[in-house]
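Shown below: coords19.txt, with compact mmCIF, C-alpha atoms.
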# COMPACT_ATOMS: atom_id res chain seq x y z
CA MET A 10 0.29 -17.39 15.13
CA TYR A 11 0.08 -17.73 18.86
CA GLY A 12 -3.25 -16.92 20.50
CA PHE A 13 -4.77 -13.56 21.23
CA GLU A 14 -8.18 -12.15 21.99
CA TYR A 15 -9.93 -10.49 19.05
CA VAL A 16 -12.34 -7.59 19.44
CA ALA A 17 -14.03 -5.57 16.71
CA PRO A 18 -15.63 -2.42 18.15
CA GLU A 19 -18.40 -0.80 16.12
CA THR A 20 -17.85 2.81 17.22
CA LEU A 21 -14.85 5.07 17.69
CA ASP A 22 -15.78 5.60 21.34
CA ASP A 23 -15.84 1.85 21.95
CA ALA A 24 -12.51 1.47 20.17
CA LEU A 25 -10.88 4.25 22.17
CA GLY A 26 -12.22 2.75 25.40
CA LEU A 27 -10.65 -0.58 24.47
CA VAL A 28 -7.35 1.06 23.55
CA ARG A 29 -7.29 2.83 26.92
CA GLU A 30 -8.29 -0.33 28.79
CA HIS A 31 -5.70 -2.63 27.21
CA GLY A 32 -2.85 -0.18 26.66
CA ASP A 33 0.39 -1.87 25.61
CA ASP A 34 -1.28 -5.29 25.68
CA ALA A 35 -3.26 -4.37 22.57
CA LYS A 36 -2.44 -3.86 18.90
CA ILE A 37 -4.71 -2.05 16.47
CA LEU A 38 -5.62 -3.98 13.33
CA ALA A 39 -6.41 -1.81 10.30
CA GLY A 40 -5.38 -3.26 6.91
CA GLY A 41 -3.15 -5.83 8.60
CA GLN A 42 -0.49 -5.75 5.89
CA SER A 43 2.25 -4.96 8.42
CA LEU A 44 0.64 -6.15 11.65
CA ILE A 45 -0.19 -9.70 10.54
CA PRO A 46 3.38 -10.43 9.33
CA ILE A 47 4.62 -9.02 12.63
CA LEU A 48 2.29 -11.42 14.46
CA HIS A 49 3.38 -14.32 12.25
CA TYR A 50 7.00 -13.57 13.18
CA ARG A 51 6.07 -12.99 16.83
CA LEU A 52 7.83 -9.64 16.72
CA ALA A 53 4.87 -8.40 18.74
CA ARG A 54 2.79 -10.52 21.07
CA PRO A 55 -0.35 -8.54 21.93
CA ARG A 56 -2.87 -10.09 24.26
CA VAL A 57 -5.67 -8.32 22.40
CA VAL A 58 -6.06 -7.38 18.74
CA ILE A 59 -8.50 -4.49 18.28
CA ASP A 60 -9.88 -4.65 14.74
CA ILE A 61 -11.01 -1.12 13.83
CA ASN A 62 -12.30 -1.97 10.35
CA SER A 63 -15.93 -1.45 11.42
CA LEU A 64 -15.31 2.20 12.32
CA PRO A 65 -16.58 4.92 9.95
CA LEU A 66 -13.11 6.20 9.02
CA GLY A 67 -13.10 5.25 5.35
CA ASP A 68 -14.07 8.50 3.59
CA VAL A 69 -12.21 10.97 1.40
CA THR A 70 -13.81 14.41 1.56
CA ALA A 71 -12.82 17.84 0.31
CA ASP A 72 -13.96 21.31 1.29
CA ASP A 73 -12.48 24.82 1.67
CA GLY A 74 -9.33 23.77 -0.11
CA ARG A 75 -8.71 21.02 2.42
CA LEU A 76 -8.69 17.31 1.83
CA ARG A 77 -9.65 14.93 4.63
CA ILE A 78 -8.66 11.29 4.34
CA GLY A 79 -9.99 8.80 6.87
CA ALA A 80 -7.55 6.43 8.52
CA LEU A 81 -9.24 3.41 6.91
CA VAL A 82 -8.97 4.67 3.32
CA ARG A 83 -7.16 1.92 1.41
CA TYR A 84 -4.18 2.47 -0.85
CA HIS A 85 -6.16 1.39 -3.92
CA GLU A 86 -8.68 4.12 -3.11
CA LEU A 87 -5.89 6.69 -3.22
CA GLU A 88 -5.04 5.32 -6.67
CA GLU A 89 -8.62 5.44 -7.93
CA SER A 90 -10.39 8.28 -6.11
CA ASP A 91 -11.54 11.17 -8.35
CA THR A 92 -11.29 13.55 -5.40
CA ILE A 93 -7.66 12.59 -4.82
CA ALA A 94 -6.90 12.84 -8.54
CA ARG A 95 -8.32 16.38 -8.63
CA ARG A 96 -7.10 17.71 -5.30
CA CYS A 97 -3.86 15.91 -4.52
CA PRO A 98 -2.69 13.62 -7.33
CA VAL A 99 0.72 13.04 -5.76
CA LEU A 100 -1.06 10.69 -3.34
CA ALA A 101 -2.25 8.50 -6.21
CA GLU A 102 1.23 8.34 -7.73
CA ALA A 103 2.74 7.40 -4.36
CA ALA A 104 0.07 4.79 -3.65
CA ARG A 105 0.90 2.94 -6.88
CA LEU A 106 4.43 2.36 -5.52
CA ILE A 107 3.29 0.77 -2.27
CA GLY A 108 3.91 -2.96 -1.81
CA ASN A 109 2.06 -5.12 -4.29
CA VAL A 110 -1.51 -5.11 -5.57
CA ARG A 111 -2.68 -7.21 -2.61
CA VAL A 112 -1.16 -4.81 -0.10
CA ARG A 113 -2.95 -1.98 -1.91
CA THR A 114 -6.29 -3.79 -1.62
CA LEU A 115 -6.20 -3.82 2.16
CA GLY A 116 -3.48 -1.51 3.45
CA THR A 117 -4.69 1.76 4.96
CA VAL A 118 -3.49 5.34 5.15
CA GLY A 119 -3.78 5.42 8.94
CA GLY A 120 -2.03 2.10 9.26
CA SER A 121 0.96 3.20 7.21
CA LEU A 122 1.30 6.44 9.18
CA ALA A 123 0.91 4.85 12.61
CA HIS A 124 3.31 2.03 11.67
CA ALA A 125 5.87 4.68 10.62
CA ASP A 126 8.27 2.60 8.60
CA PRO A 127 11.05 5.06 7.68
CA ALA A 128 11.18 3.70 4.11
CA ALA A 129 7.42 3.76 3.49
CA GLU A 130 5.92 6.08 0.90
CA LEU A 131 3.03 7.73 2.73
CA PRO A 132 5.01 9.11 5.69
CA ALA A 133 7.32 10.84 3.18
CA VAL A 134 4.37 12.14 1.15
CA MET A 135 2.62 13.52 4.24
CA THR A 136 5.88 15.14 5.29
CA ALA A 137 6.21 16.82 1.89
CA LEU A 138 2.56 17.90 1.95
CA ASP A 139 2.87 19.29 5.49
CA ALA A 140 -0.21 17.24 6.34
CA ARG A 141 -1.78 17.17 9.79
CA LEU A 142 -2.65 13.85 11.36
CA VAL A 143 -5.85 13.70 13.35
CA VAL A 144 -5.48 11.52 16.43
CA ALA A 145 -8.06 10.63 19.04
CA SER A 146 -8.10 9.12 22.49
CA ALA A 147 -10.79 8.54 25.09
CA SER A 148 -9.98 11.96 26.51
CA GLY A 149 -10.10 13.98 23.31
CA ARG A 150 -8.87 14.75 19.86
CA ARG A 151 -5.86 16.68 18.56
CA THR A 152 -3.92 17.17 15.38
CA VAL A 153 -0.19 16.66 14.90
CA ALA A 154 1.89 17.94 12.00
CA ALA A 155 3.30 15.06 9.95
CA ARG A 156 6.69 16.77 10.26
CA ASP A 157 6.49 16.25 14.05
CA PHE A 158 4.68 12.93 14.05
CA PHE A 159 7.47 10.59 12.99
CA THR A 160 10.04 10.39 15.76
CA GLY A 161 12.08 7.32 14.82
CA PRO A 162 11.87 3.90 13.18
CA LEU A 163 8.34 2.57 13.80
CA THR A 164 8.01 5.30 16.42
CA THR A 165 5.57 8.21 16.46
CA ALA A 166 4.27 11.04 18.60
CA LEU A 167 1.13 9.02 19.40
CA ALA A 168 0.55 9.04 23.16
CA PRO A 169 -0.68 5.92 24.97
CA GLY A 170 -4.38 5.46 24.25
CA GLU A 171 -4.29 7.46 21.00
CA ILE A 172 -5.07 6.21 17.51
CA VAL A 173 -4.80 7.91 14.12
CA THR A 174 -8.29 8.64 12.77
CA GLY A 175 -7.36 10.55 9.64
CA VAL A 176 -5.22 13.10 7.94
CA GLU A 177 -5.88 16.66 6.72
CA ILE A 178 -4.07 18.12 3.74
CA ALA A 179 -4.20 21.50 2.04
CA ALA A 180 -5.27 20.77 -1.54
CA MET A 181 -2.38 20.80 -4.00
CA ALA A 182 -4.23 20.99 -7.29
CA ALA A 183 -1.96 23.69 -8.79
CA HIS A 184 1.30 21.94 -7.97
CA GLY A 185 3.23 19.74 -10.34
CA TRP A 186 4.21 16.54 -8.60
CA ALA A 187 6.36 13.44 -8.85
CA VAL A 188 7.37 10.50 -6.69
CA GLU A 189 10.55 8.59 -7.55
CA GLU A 190 11.91 5.60 -5.74
CA ILE A 191 14.32 2.75 -6.13
CA SER A 192 13.91 -0.60 -4.44
CA ARG A 193 15.74 -3.91 -4.70
CA ARG A 194 12.76 -5.76 -6.13
CA ALA A 195 9.29 -4.76 -7.24
CA GLY A 196 7.15 -4.31 -4.15
CA ASP A 197 9.99 -3.92 -1.67
CA PHE A 198 10.29 -0.96 0.61
CA ALA A 199 12.24 1.87 -0.98
CA ILE A 200 16.01 2.13 -0.67
CA VAL A 201 15.35 5.78 -1.36
CA ALA A 202 12.04 7.50 -2.13
CA VAL A 203 11.60 11.17 -2.93
CA VAL A 204 8.42 13.21 -3.17
CA ALA A 205 8.48 16.53 -5.01
CA LEU A 206 5.81 19.20 -5.48
CA VAL A 207 6.38 22.45 -7.36
CA ARG A 208 4.06 25.38 -8.03
CA LEU A 209 4.98 28.20 -10.41
CA ASP A 210 3.82 31.81 -10.41
CA ARG A 211 2.58 33.45 -13.60
CA LEU A 212 6.14 34.49 -14.50
CA GLY A 213 7.22 30.87 -14.37
CA ARG A 214 9.15 31.14 -11.11
CA VAL A 215 8.81 28.62 -8.31
CA ASP A 216 6.54 30.10 -5.65
CA ASP A 217 6.14 26.90 -3.65
CA ALA A 218 8.30 23.77 -3.51
CA ARG A 219 7.87 20.70 -1.30
CA LEU A 220 10.48 18.01 -1.04
CA ALA A 221 10.76 15.01 1.27
CA PHE A 222 12.71 11.76 1.32
CA GLY A 223 11.96 8.30 2.63
CA GLY A 224 14.48 5.56 3.32
CA VAL A 225 17.41 7.88 4.08
CA ALA A 226 17.09 8.24 7.86
CA ASP A 227 15.21 6.88 10.86
CA ARG A 228 12.15 8.92 9.78
CA PRO A 229 11.02 10.90 6.72
CA VAL A 230 13.29 13.83 5.92
CA HIS A 231 11.89 17.23 4.96
CA ALA A 232 14.44 18.85 2.60
CA HIS A 233 13.75 22.51 3.36
CA ALA A 234 17.13 23.83 2.26
CA ALA A 235 16.52 22.40 -1.21
CA GLU A 236 13.05 23.95 -1.22
CA ASP A 237 14.66 27.31 -0.47
CA ALA A 238 17.09 26.79 -3.36
CA LEU A 239 14.12 26.54 -5.73
CA ARG A 240 11.80 29.20 -4.39
CA GLY A 241 11.77 32.41 -6.42
CA HIS A 242 13.79 30.93 -9.28
CA GLU A 243 12.85 29.88 -12.74
CA PRO A 244 13.21 26.08 -12.53
CA THR A 245 15.80 25.58 -15.25
CA ALA A 246 17.77 22.35 -15.47
CA ASP A 247 20.64 24.08 -13.64
CA VAL A 248 18.42 25.30 -10.81
CA VAL A 249 16.87 21.85 -10.43
CA ALA A 250 20.29 20.20 -10.42
CA ARG A 251 21.51 22.65 -7.78
CA ALA A 252 18.47 22.00 -5.59
CA ALA A 253 19.02 18.25 -5.88
CA HIS A 254 22.65 18.79 -4.90
CA VAL A 255 21.58 20.83 -1.87
CA ALA A 256 19.12 18.10 -0.89
CA ARG A 257 21.75 15.40 -1.22
CA GLU A 258 24.31 17.34 0.81
CA GLY A 259 21.77 17.61 3.61
CA LEU A 260 21.45 13.82 3.95
CA ASP A 261 23.53 11.40 5.96
CA PRO A 262 21.83 8.08 5.24
CA PRO A 263 22.67 4.88 7.08
CA SER A 264 24.24 1.78 5.54
CA ASP A 265 22.47 -1.54 5.83
CA ALA A 266 23.09 -5.13 4.76
CA PHE A 267 22.23 -4.28 1.13
CA VAL A 268 23.45 -0.79 0.31
CA SER A 269 25.93 1.67 1.75
CA GLY A 270 25.01 5.09 3.04
CA ALA A 271 27.13 6.63 0.29
CA TYR A 272 25.16 4.79 -2.38
CA ARG A 273 21.89 5.86 -0.80
CA ARG A 274 23.03 9.45 -0.75
CA HIS A 275 24.11 9.37 -4.37
CA VAL A 276 20.83 7.80 -5.47
CA ALA A 277 18.88 10.33 -3.39
CA GLY A 278 20.45 13.14 -5.42
CA VAL A 279 19.75 11.44 -8.75
CA LEU A 280 16.13 10.62 -7.86
CA CYS A 281 15.61 14.11 -6.48
CA ARG A 282 16.68 15.69 -9.77
CA ARG A 283 14.40 13.34 -11.71
CA ALA A 284 11.45 13.99 -9.42
CA LEU A 285 11.88 17.77 -9.56
CA THR A 286 12.24 17.66 -13.35
CA ARG A 287 8.97 15.75 -13.69
CA ALA A 288 7.20 17.94 -11.13
CA VAL A 289 8.29 21.09 -12.97
CA ALA A 290 7.12 19.66 -16.31
CA ARG A 291 3.72 18.97 -14.79
CA ALA A 292 3.57 22.43 -13.20
CA LEU A 293 4.18 23.91 -16.66
CA ALA A 294 1.57 21.70 -18.35
CA MET B 26 -15.95 -17.19 17.10
CA ILE B 27 -17.88 -17.08 13.84
CA ALA B 28 -16.41 -15.98 10.51
CA ARG B 29 -18.98 -14.89 7.95
CA LEU B 30 -18.07 -14.92 4.26
CA VAL B 31 -19.52 -15.59 0.83
CA LEU B 32 -17.19 -18.26 -0.49
CA ASN B 33 -17.25 -18.72 -4.26
CA GLY B 34 -20.80 -17.42 -4.32
CA ARG B 35 -22.08 -19.39 -1.35
CA PRO B 36 -22.75 -17.74 2.05
CA ARG B 37 -20.89 -19.52 4.84
CA GLU B 38 -20.62 -19.17 8.60
CA VAL B 39 -17.66 -21.04 10.02
CA ASP B 40 -16.36 -21.38 13.56
CA VAL B 41 -12.80 -20.00 13.69
CA ARG B 42 -10.11 -19.22 16.24
CA PRO B 43 -9.42 -15.49 16.85
CA ASN B 44 -5.92 -15.89 15.41
CA GLN B 45 -6.93 -17.96 12.39
CA THR B 46 -6.10 -16.45 9.00
CA LEU B 47 -8.32 -16.71 5.96
CA LEU B 48 -5.65 -18.96 4.45
CA GLU B 49 -5.88 -21.35 7.39
CA LEU B 50 -9.67 -21.25 7.26
CA LEU B 51 -9.67 -22.17 3.57
CA ARG B 52 -7.04 -24.90 3.70
CA ASP B 53 -7.23 -26.38 7.19
CA THR B 54 -10.92 -26.00 7.98
CA LEU B 55 -12.61 -26.09 4.58
CA GLY B 56 -10.13 -28.21 2.60
CA ILE B 57 -9.77 -25.77 -0.28
CA PHE B 58 -6.28 -26.59 -1.49
CA ASP B 59 -6.19 -24.48 -4.65
CA VAL B 60 -5.09 -21.70 -2.28
CA LYS B 61 -1.41 -22.31 -1.51
CA GLU B 62 0.66 -21.36 1.48
CA GLY B 63 3.96 -19.67 0.75
CA CYS B 64 5.77 -16.90 2.59
CA ASP B 65 3.14 -15.98 5.22
CA GLU B 66 4.10 -12.32 4.84
CA GLY B 67 2.16 -11.23 1.75
CA VAL B 68 5.09 -11.16 -0.65
CA CYS B 69 4.87 -14.30 -2.79
CA GLY B 70 1.26 -14.25 -4.02
CA VAL B 71 0.52 -17.99 -3.89
CA CYS B 72 -2.23 -17.53 -1.29
CA THR B 73 -4.02 -14.89 -3.39
CA VAL B 74 -7.80 -14.82 -3.20
CA LEU B 75 -10.18 -12.17 -4.47
CA LEU B 76 -11.85 -10.19 -1.68
CA ASP B 77 -14.89 -8.47 -3.17
CA GLY B 78 -13.13 -8.84 -6.52
CA ARG B 79 -9.74 -7.47 -5.50
CA PRO B 80 -6.58 -9.53 -4.95
CA ALA B 81 -5.64 -10.06 -1.31
CA SER B 82 -3.12 -12.22 0.52
CA SER B 83 -5.25 -14.68 2.46
CA CYS B 84 -2.30 -15.20 4.84
CA LEU B 85 -2.68 -11.57 5.97
CA VAL B 86 -6.43 -11.55 6.62
CA LEU B 87 -7.97 -12.64 9.90
CA ALA B 88 -10.95 -14.90 9.22
CA ALA B 89 -12.83 -13.38 12.15
CA GLY B 90 -12.73 -9.99 10.42
CA LEU B 91 -14.30 -11.02 7.10
CA ARG B 92 -17.70 -9.41 7.82
CA GLY B 93 -19.52 -11.27 5.08
CA ARG B 94 -17.14 -10.31 2.27
CA ALA B 95 -17.06 -12.22 -1.00
CA VAL B 96 -14.04 -14.54 -1.20
CA THR B 97 -13.17 -16.06 -4.58
CA THR B 98 -10.65 -18.87 -4.96
CA LEU B 99 -9.61 -20.63 -8.12
CA ARG B 100 -12.46 -23.12 -7.96
CA GLY B 101 -14.82 -20.15 -8.06
CA LEU B 102 -13.67 -19.61 -11.66
CA GLU B 103 -14.79 -22.99 -12.93
CA ARG B 104 -17.59 -22.89 -15.46
CA ASN B 105 -19.87 -25.92 -15.55
CA GLY B 106 -17.12 -27.97 -13.98
CA GLY B 107 -14.72 -27.08 -16.81
CA LEU B 108 -11.62 -24.92 -16.94
CA HIS B 109 -11.82 -21.16 -17.22
CA PRO B 110 -10.60 -19.91 -20.64
CA LEU B 111 -7.65 -18.22 -18.91
CA GLN B 112 -6.63 -21.59 -17.48
CA GLU B 113 -6.80 -23.03 -20.98
CA ALA B 114 -4.58 -20.21 -22.24
CA PHE B 115 -2.04 -21.01 -19.50
CA ILE B 116 -1.97 -24.64 -20.64
CA ARG B 117 -1.73 -23.76 -24.31
CA HIS B 118 1.21 -21.41 -23.72
CA GLY B 119 3.11 -23.66 -21.32
CA ALA B 120 2.66 -21.12 -18.53
CA VAL B 121 2.43 -23.85 -15.88
CA GLN B 122 5.37 -25.87 -14.66
CA CYS B 123 5.11 -26.91 -11.01
CA GLY B 124 1.79 -25.08 -10.76
CA PHE B 125 2.26 -23.74 -7.26
CA CYS B 126 2.00 -20.07 -8.29
CA THR B 127 -0.70 -20.66 -10.88
CA PRO B 128 -3.86 -20.07 -8.81
CA GLY B 129 -2.52 -16.72 -7.64
CA MET B 130 -1.43 -15.78 -11.15
CA LEU B 131 -4.88 -16.58 -12.56
CA LEU B 132 -6.84 -14.69 -9.90
CA THR B 133 -4.55 -11.66 -10.03
CA THR B 134 -4.77 -11.62 -13.83
CA LEU B 135 -8.56 -11.76 -13.91
CA ALA B 136 -8.92 -8.95 -11.35
CA PHE B 137 -6.45 -6.89 -13.39
CA LEU B 138 -8.21 -7.50 -16.72
CA GLU B 139 -11.53 -6.41 -15.19
CA ARG B 140 -10.01 -2.95 -14.83
CA GLU B 141 -7.70 -2.96 -17.84
CA PRO B 142 -9.06 -5.28 -20.54
CA ARG B 143 -6.47 -4.52 -23.25
CA PRO B 144 -3.10 -4.28 -21.54
CA ASP B 145 0.28 -4.34 -23.27
CA ARG B 146 3.05 -6.67 -22.08
CA GLU B 147 4.58 -4.03 -19.86
CA ALA B 148 1.26 -3.53 -18.05
CA ILE B 149 0.82 -7.30 -17.66
CA ARG B 150 4.29 -7.60 -16.14
CA ALA B 151 3.54 -4.76 -13.74
CA ALA B 152 0.19 -6.29 -12.78
CA LEU B 153 1.83 -9.61 -11.91
CA GLU B 154 4.93 -8.22 -10.21
CA GLY B 155 3.62 -9.29 -6.80
CA ASN B 156 3.21 -12.95 -7.84
CA LEU B 157 6.42 -14.93 -7.77
CA CYS B 158 7.09 -17.90 -10.07
CA ARG B 159 10.29 -19.86 -9.57
CA CYS B 160 9.93 -22.07 -12.66
CA THR B 161 8.91 -20.30 -15.83
CA GLY B 162 10.84 -17.07 -15.97
CA TYR B 163 7.44 -15.38 -16.47
CA THR B 164 7.68 -15.11 -20.26
CA LYS B 165 5.11 -17.81 -20.94
CA ILE B 166 2.81 -16.51 -18.23
CA VAL B 167 2.85 -13.08 -19.87
CA ASP B 168 2.34 -14.79 -23.27
CA ALA B 169 -0.73 -16.58 -21.93
CA VAL B 170 -2.25 -13.48 -20.38
CA GLU B 171 -1.59 -11.45 -23.51
CA ALA B 172 -3.18 -14.09 -25.72
CA TYR B 173 -6.20 -14.39 -23.46
CA ALA B 174 -6.66 -10.62 -23.30
CA ARG B 175 -6.48 -10.43 -27.10
CA GLY B 176 -9.33 -12.90 -27.28
CA GLU B 177 -7.33 -15.83 -28.61
CA ARG B 178 -9.71 -18.02 -26.61
CA HIS B 179 -12.37 -17.57 -29.27
CA HIS B 180 -10.20 -19.37 -31.80
CA GLY B 181 -8.71 -22.08 -29.62
Conversion result in structure tokens:
Amino acid sequence: MYGFEYVAPETLDDALGLVREHGDDAKILAGGQSLIPILHYRLARPRVVIDINSLPLGDVTADDGRLRIGALVRYHELEESDTIARRCPVLAEAARLIGNVRVRTLGTVGGSLAHADPAAELPAVMTALDARLVVASASGRRTVAARDFFTGPLTTALAPGEIVTGVEIAAMAAHGWAVEEISRRAGDFAIVAVVALVRLDRLGRVDDARLAFGGVADRPVHAHAAEDALRGHEPTADVVARAAHVAREGLDPPSDAFVSGAYRRHVAGVLCRRALTRAVARALA
Amino acid sequence: MIARLVLNGRPREVDVRPNQTLLELLRDTLGIFDVKEGCDEGVCGVCTVLLDGRPASSCLVLAAGLRGRAVTTLRGLERNGGLHPLQEAFIRHGAVQCGFCTPGMLLTTLAFLEREPRPDREAIRAALEGNLCRCTGYTKIVDAVEAYARGERHHG
């Protein structure tokens, strides 16, 4: 790696001051599982690396039906947290699919969201969950809906001087859930990932459905037409298959060096049906 | 700047460059060569160390950011200067050919077995999916881990 200055602020205010001071010359280091490879490859050449790992952003808390996840919560904590397992288990299932075990030791929720890889799991999960990202700058704090946050490949609605400090999610304890993905090799980014959540009313009809894809566009895709195809219906195999068809028809995925857009689209439909089938089974359990 | 770590049980303070990785600290500064350098992007697993007991790619950790964490490398597994029983199982089952991936395999396995002491073969394969071996085809590595987890070491 070429040289850079390293700073490790102890407080959020200090960190935000440094982010404002250095602007585009700085990169934020959280878990480092994307940033350090980028530095190794010299795809970014920051003059300053601001290591935020000393900041108190590592907690998972729940109250009033809301779940708050600090930006520095690690993927393995999503896998192992009792609070996550009780309040929003889809996060644990998604976390298990991220990278490899070493990535999950260090990689962070805030890092994944701010990095905004279009094929990453957590941006798709937060899109499905309709999460709100909490962002802060030296001049204040605001929240941004996940569905508005991702604006392109590795591109977000973060303004200059802002960092992600956490994410807020409405608890999803009553929903059945599933995450399905296909990748070329274990640990690779997804060719297609799909996140499904389904809640049933007491008559067994879908009263809430959440569906989002990763890997099929330049950002996560919220499949609202497919959600509408489920809502109010008993989730029979036919209804699930129709919803998956609707979801697939709404996608126009790109081709890349490995797979064609047509293949991606086909796989998206298949994985969507599988994910919905599992989510419905869990909602019934 | 100063990197603080507890290396294989021993507290250390080492002068490092801001851009120096833990891998470079271990190999280039401290001469610990049981940690290997492979892909430099966290994919291959040969630079695996345990950070506070969990597997991490030392190529993706800045030494300056260690903050006193416990770092375990393969030599931290030695008992009274002898091999760890898992190492013996690897030898017995022919799980080592060139040996380049072996330190990472051993450390990842031990961290995994701490949390799941009686895994089946499928779970072992999943646990090691982030550690690449270009020689063995993995079968003998999984054999060795399975035998060790079953307690074969007590009879060897």
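The two atoms in question, CA of Gly161 in chain A and CA of Leu44 in chain A, are spaced 18.0 Å apart.
Restricting the calculation to only C-alpha atoms, the smallest distance between Arg94 in chain B and any of B:Ile149, B:Val31, B:Cys126, B:Leu111 is found for B:Val31.
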Range 72-76 of chain B surroundings by all atoms listed in the file, 7 Å radius, close-in-sequence under 4 positions cut, as number ranges by chain:
B: 48, 60-63, 80-84, 94-98, 129, 132
Using only C-alpha atoms, I'd like every residue of chain B that has an atom within 10 Å of chain A; please write them out as a PyMOL selection string.
chain B and resi 26+42-46+64-70+73-87+89-92+133+137+151-156
Any idea what the distance is between CA of Leu100 in chain A and CA of Val134 in chain A?
7.2 Å
